[in-house]
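J.: This is the structure I want to talk about, given as structure tokens.
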Amino acid sequence: MSAVAPGAATSMPSEAMSVRLARRRSRIVGERIIEAVLFVAALVSVFTTVGIVYILVKESVVFFEEVPFWDFLTDTQWTPLFDDAHFGIMVLLSGTLTSSAVALSIAIPLGTIIAIYLSEFAPFAVREVAKPFLELLGGVPTIIYGYFALLFVTPLLQKIYPELPGFNLLAAGIVMGIMIIPYVSSISEDAMRAVPMSLREGSYAMGATRFQTAVKVVVPAAISGIASAYILGISRAVGETMILAVAAGMQPNLTFNPLEPAATITAYIVQVALGDLPHGSIGYQTIFAAGLTLMLFTLACNIGGHVLRKSFREAY
Amino acid sequence: MVAVSAQEAAPVVAKAEVRGLNFYYSDFHALKAIDMPVYEKKVTALIGPSGCGKSTFLRSFNRMHDLYPGNRYEGEIRLFPDDVNVLAPGVDPIEVRMRISMVFQKPNPFPKSIYENVAYGLRVRGESRRVTLNEKVEEALRSAALWEEVKERLQEPAFNLSGGQQQRLCIARALATDPEILLFDEPTSALDPIATASIEELIHDLKNKVTIVIVTHNMQQAARVSDYTAYMYLGELIEFGVTDEIFIKPKKKETEDYITGRFG
Ligand SMILES: Nc1ncnc2c1ncn2[C@@H]1O[C@H](COP(=O)(O)OP(=O)(O)OP(=O)(O)O)[C@@H](O)[C@H]1O
Ligand SMILES: [Mg+2]
């Protein structure tokens, strides 16, 4: 009896079992494939970043073989194409910093106020209409903003201040600020709306007004998200090219006065990249050194923002 | 004012009087013709099955429903001694909330230091003198039985506290402004038994200072902490009375069924 039973009794279950096993195996294979695809996608972005840094560093090394690093940092002239060539990055950096400061002094306060309004005050209908408009503002090609600054804002400013030159950092910075507002406001607003209702109710229950609740409870609770929004705004300002190339001029000028024209790092890079400098010449090499400076600056901002976020970590 | 013959020596005085209260979430009629007194320096418990309207009722006292569109009150909640109807359209909800504080189901400390959490209500009222703030913060933390645990770390973020401590912090926050009525909405449902016991003890001590209305799902808790109990069902107040009577010999069949666990 026991000699016959095993074969007959186990054949059916084992078949069902093998079907199940096969199904499971194919599911595991499927998951592996998905995992691999995702991994490759992640790798692409890592490789791109590494590739960019590699090129920038490699080409900058060539540059710094010719130009002492100290001169690069301290020289007060930027004349790479002259016979008497000078490579003081501060000249370009000052333009970048000044225009960014103008832009951020507009984008950060206005972006924050708009975010607070949309998140805490605006009726539903207003928010639904305002948000797409704001997002549109961020989607306008920057070349259009550039000409808007050059042909509309500068003449307007000249009415107030007639000595203002046609190219200037102020108009470019203002328009750049307008462009950055939606970046700041939409991320800040998302962060504020993510603050749980229970915190707001806690504040109202203490007799707080809407404004007090927004400023004293909601903003502090959303501070890490708001800080991210500011960091993104700063990165956008520092990296913005077209508006500045069009409206602030291409003239290297060591100045922190927004009423003057000045080239920024990015404006310089497009200028050289569009020109016909031979590859390998020192003038051509400068764009990599300038690019590396820009990249390090943005990196520093992001790291700073990350540290800030960590230290403000909220846990509601 | 309504004077009621009391079992205890001190005369019982009404702190508030609910008259013909109806409440609507847009079209949904959530509270139906509620009449009920709230006695001064007593604990009143609101009990009833889930969804019967306990929170809705509690949140009417401090006009929390005003925060959301479409909500509508009818009737009155008169607050004594000045006999003002807190639901009257002309009455500013902020004024009401200055007199009637609330502690929520889940501890909801603000993203601020322990000190600033307690000082919040005072700051909102425009108080900025350091001495007054220090004094009030300490007093409130003592009343909430939290002072000894946090006096060395008042500047630390409130989130560092345990759940039970956070809830006592929220009680301190509510007490700091010397409210006349303190509303609790299931204040211990997110806490462990030990933290629950300490909050219950606290509520028992607090009634010397302030009138308390508490929503609870826990029959034992209602029996332990309250002087009066209101049983609600489907938006109606079925029975209101002295807690001992409600629990020992309720007048209504529904109340008895609920309390003895045959229902709900
Ligand atoms: N914002 C709202 N909009 C519409 N209906 C609501 C809203 N909040 C509560 N309700 C309804 O009102 C009724 C009473 O709700 P409420 O929250 O007051 O009940 P509860 O007695 O506190 O219940 P629980 O014990 O579960 O907390 C329920 O039927 C609920 O579905
Ligand atoms: Mg409830």
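We label chains A, B, ... in the order they appear in the structure tokens, count residues from 1 in each chain, and number ligands from 1 in the order shown.
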Within 6 Å of chain B, which residues of chain A come that close, and what is the closest atom pair and distance in Å for each? Count only C-alpha atoms and give it as JSON lines.
T.:
```
{"residue": "A:Leu199", "atom": "CA", "partner": "B:Asn108", "partner_atom": "CA", "distance": 5.8}
{"residue": "A:Ala205", "atom": "CA", "partner": "B:Arg97", "partner_atom": "CA", "distance": 5.8}
{"residue": "A:Met206", "atom": "CA", "partner": "B:Gly121", "partner_atom": "CA", "distance": 5.4}
{"residue": "A:Gly207", "atom": "CA", "partner": "B:Arg97", "partner_atom": "CA", "distance": 4.8}
{"residue": "A:Ala208", "atom": "CA", "partner": "B:Val124", "partner_atom": "CA", "distance": 5.8}
{"residue": "A:Ala221", "atom": "CA", "partner": "B:Pro111", "partner_atom": "CA", "distance": 5.6}
```
J.: Using only C-alpha atoms and all ligand atoms, find each protein or nucleic acid residue lying at most 10 Å from ligand 1; present the set as a ChimeraX atom specification.
T.: /B:23-31,46-60,65,68-71,105,185-186,215-217,232-235
J.: Considering only C-alpha atoms and all ligand atoms, can you say which of B:Gln220, B:Ser198, B:Ser189, B:Thr243 comes closest to ligand 2?
T.: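 Comparing B:Gln220, B:Ser198, B:Ser189, B:Thr243 against ligand 2, the winner is B:Ser189.
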J.: I'd like the neighbourhood of stretch 290-297 of chain A as number ranges by chain, where a residue qualifies if any of its atoms comes within 8 Å (using only C-alpha atoms), though same-chain residues fewer than 2 positions away should be ignored.
T.: A: 53, 56-57, 60, 89, 238-239, 265-266, 269, 286-288, 299-301
J.: If you measure from atom CA of A:Glu163 to atom CA of A:Met250, what distance in Å do you get, rounded to one decimal?
T.: 19.1 Å
J.: Quick one: of B:Leu141, B:Val84, B:Ile238, B:Ile181, who's nearest to B:Leu202, counting only C-alpha atoms?
T.: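 So, comparing all the options, the nearest one is B:Leu141.
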J.: Find the residue from A:Pro278, A:Gly173, A:Gly233, A:Gly202 that sits nearest to B:Asn117; use only C-alpha atoms when measuring.
T.: A:Gly202
J.: Please give the complete set of residues from stretch 99-246 of chain B that DSSP, run on the backbone, assigns to strand (DSSP E or B), formatted as a PDB file with C-alpha atoms, in the first residue's frame.
T.:
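Printed below is states10.pdb as written:
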```pdb
ATOM      1  CA  ILE B 100     -12.738  79.057  26.469  1.00  0.00           C
ATOM      2  CA  SER B 101      -9.624  76.959  25.828  1.00  0.00           C
ATOM      3  CA  MET B 102      -9.343  73.555  24.224  1.00  0.00           C
ATOM      4  CA  VAL B 103      -7.163  70.472  24.455  1.00  0.00           C
ATOM      5  CA  SER B 113      10.327  75.544  22.572  1.00  0.00           C
ATOM      6  CA  PRO B 157      11.819  71.905  21.328  1.00  0.00           C
ATOM      7  CA  ILE B 181     -13.861  76.833  30.577  1.00  0.00           C
ATOM      8  CA  LEU B 182     -11.478  74.117  29.435  1.00  0.00           C
ATOM      9  CA  LEU B 183     -12.661  71.751  26.699  1.00  0.00           C
ATOM     10  CA  PHE B 184     -11.079  68.322  26.313  1.00  0.00           C
ATOM     11  CA  ASP B 185     -11.758  66.144  23.271  1.00  0.00           C
ATOM     12  CA  THR B 211     -14.933  74.530  34.502  1.00  0.00           C
ATOM     13  CA  ILE B 212     -14.236  71.438  32.425  1.00  0.00           C
ATOM     14  CA  VAL B 213     -16.122  69.715  29.620  1.00  0.00           C
ATOM     15  CA  ILE B 214     -14.597  66.458  28.473  1.00  0.00           C
ATOM     16  CA  VAL B 215     -15.470  64.092  25.632  1.00  0.00           C
ATOM     17  CA  TYR B 228     -22.052  65.424  35.447  1.00  0.00           C
ATOM     18  CA  THR B 229     -22.526  63.252  32.420  1.00  0.00           C
ATOM     19  CA  ALA B 230     -24.365  63.850  29.168  1.00  0.00           C
ATOM     20  CA  TYR B 231     -25.282  60.912  26.999  1.00  0.00           C
ATOM     21  CA  MET B 232     -25.682  61.733  23.316  1.00  0.00           C
ATOM     22  CA  TYR B 233     -27.012  59.666  20.482  1.00  0.00           C
ATOM     23  CA  GLU B 236     -29.448  64.408  20.337  1.00  0.00           C
ATOM     24  CA  LEU B 237     -28.880  64.795  24.036  1.00  0.00           C
ATOM     25  CA  ILE B 238     -30.621  61.740  25.460  1.00  0.00           C
ATOM     26  CA  GLU B 239     -29.902  62.250  29.128  1.00  0.00           C
ATOM     27  CA  PHE B 240     -28.011  64.633  31.351  1.00  0.00           C
ATOM     28  CA  GLY B 241     -27.458  64.320  35.059  1.00  0.00           C
ATOM     29  CA  VAL B 242     -25.177  63.781  37.996  1.00  0.00           C
TER      30      VAL B 242
END
```
J.: Neighbouring residues of stretch 282-285 of chain A were defined as those with any atom within 12 Å, considering only C-alpha atoms; residues of the same chain fewer than 5 positions away were excluded. Please report them as a PyMOL selection string.
T.: chain A and resi 55-67+78-83+85-87+268-277+290-292
J.: Record the distance separating atom CA of B:Asp192 and atom CA of B:Lys42, expressed in Å with one decimal.
T.: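 Distance reported for this atom pair: 25.3 Å.
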J.: Which is closest to B:Phe80 among B:Gly164, B:Gly20, B:Pro37, B:Gly261, if we use only C-alpha atoms?
T.: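 Going through B:Gly164, B:Gly20, B:Pro37, B:Gly261 one by one, the smallest distance to B:Phe80 is for B:Pro37.
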J.: May I ask for the distance between atom CA of A:Leu254 and atom CA of A:Ser94, given in Å to one decimal place?
T.: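 Atom CA of A:Ser94 lies 6.0 Å from atom CA of A:Leu254.
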